[in-house]
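Asker: Here's a structure for you.
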Amino acid sequence: MENNKDYERDEIFTKRVKAGKRTYFFDVKSTRSNDYYLTITESKRKIKDDNFFYEKHKIFLYKEDFAKFVEALQDAVDHVKNDLMADFDFSQFDVEPEASESDNNNNNNNKFGEDLKWE
């Protein structure tokens, strides 16, 4: 089995988003050749036979696809908000993000639709 001593180098950044029974993890990782990619993990706590476990689903997103992914996600969100549910008040879901050191440094309070950019 391979020694995982380089793990700290491999994971560059992580952001956790709690969403009810689910938690989403956005992790920036590096390859051995110092290239970067993003993993997005959905983790959902489940109970079976008085024990709990986490069901996880993960996607890998590579740098050459960042812009296309963000654009498609924004288009899908906009379609739901503007076309399918135009009369729904989505502001009830607007919450301040969890405070972190990077958030305090950036002091950026944009809402979801405005700050979903990878530039």
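Within each chain, counting starts at residue 1; across the structure tokens, chains are named A, B, ... in the order shown, with ligands numbered 1 upward in that order.
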For segment 49-60 of chain A, list every protein, DNA or RNA residue within 10 Å, evaluated using only C-alpha atoms, and leave out those in the same chain fewer than 5 positions away; present the list as an NGL selection string.
Answerer: :A and (22-28 or 37-44)
Asker: Just give me the gap between atom CA of Asp35 of chain A and atom CA of Lys15 of chain A in Å, one decimal is fine.
Answerer: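 Here the two named atoms are 19.2 Å from each other.
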Asker: Could you check how far atom CA of Glu64 of chain A sits from atom CA of Ser33 of chain A, in Å to one decimal?
Answerer: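 Going from atom CA of Glu64 of chain A over to atom CA of Ser33 of chain A covers 15.9 Å.
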Asker: With distances taken over only C-alpha atoms, which of A:Lys21, A:Asp89, A:Leu73, A:Leu84 is nearest to Lys46 of chain A?
Answerer: A:Lys21
Asker: Point out the residue among A:Val95, A:Lys81, A:Ser30, A:Asp87 with the least atom-to-atom distance to Lys18 of chain A, counting only C-alpha atoms.
Answerer: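 Nearest to Lys18 of chain A: A:Val95.
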Asker: Using only C-alpha atoms, determine which residues lie at most 12 Å from Asp65 of chain A, disregarding the query and same-chain residues fewer than 4 positions distant; provide the list as a short mmCIF file (atom, residue, chain, number, x, y, z; two decimals) with N, CA and C atoms, in the first residue's frame.
Answerer:
data_model
loop_
_atom_site.label_atom_id
_atom_site.label_comp_id
_atom_site.auth_asym_id
_atom_site.auth_seq_id
_atom_site.Cartn_x
_atom_site.Cartn_y
_atom_site.Cartn_z
N TYR A 36 -3.90 21.24 -10.82
CA TYR A 36 -4.97 21.37 -9.85
C TYR A 36 -6.30 20.93 -10.41
N TYR A 37 -7.15 20.40 -9.53
CA TYR A 37 -8.50 20.00 -9.89
C TYR A 37 -9.38 20.17 -8.66
N LEU A 38 -10.68 20.10 -8.88
CA LEU A 38 -11.67 20.30 -7.82
C LEU A 38 -12.48 19.03 -7.67
N PHE A 60 -15.36 14.90 -10.01
CA PHE A 60 -14.06 15.52 -10.21
C PHE A 60 -14.19 16.53 -11.34
N LEU A 61 -13.69 17.72 -11.08
CA LEU A 61 -13.79 18.79 -12.07
C LEU A 61 -12.38 19.30 -12.37
N PHE A 69 -18.43 24.50 -16.56
CA PHE A 69 -19.21 23.99 -15.44
C PHE A 69 -19.95 25.12 -14.73
N VAL A 70 -19.24 26.19 -14.41
CA VAL A 70 -19.85 27.33 -13.71
C VAL A 70 -20.95 27.95 -14.57
N GLU A 71 -20.70 28.09 -15.86
CA GLU A 71 -21.71 28.67 -16.75
C GLU A 71 -22.96 27.79 -16.80
N ALA A 72 -22.79 26.47 -16.91
CA ALA A 72 -23.93 25.56 -16.97
C ALA A 72 -24.69 25.56 -15.64
N TRP A 118 -15.71 31.85 -11.75
CA TRP A 118 -14.37 31.29 -11.60
C TRP A 118 -13.44 32.09 -12.49
#
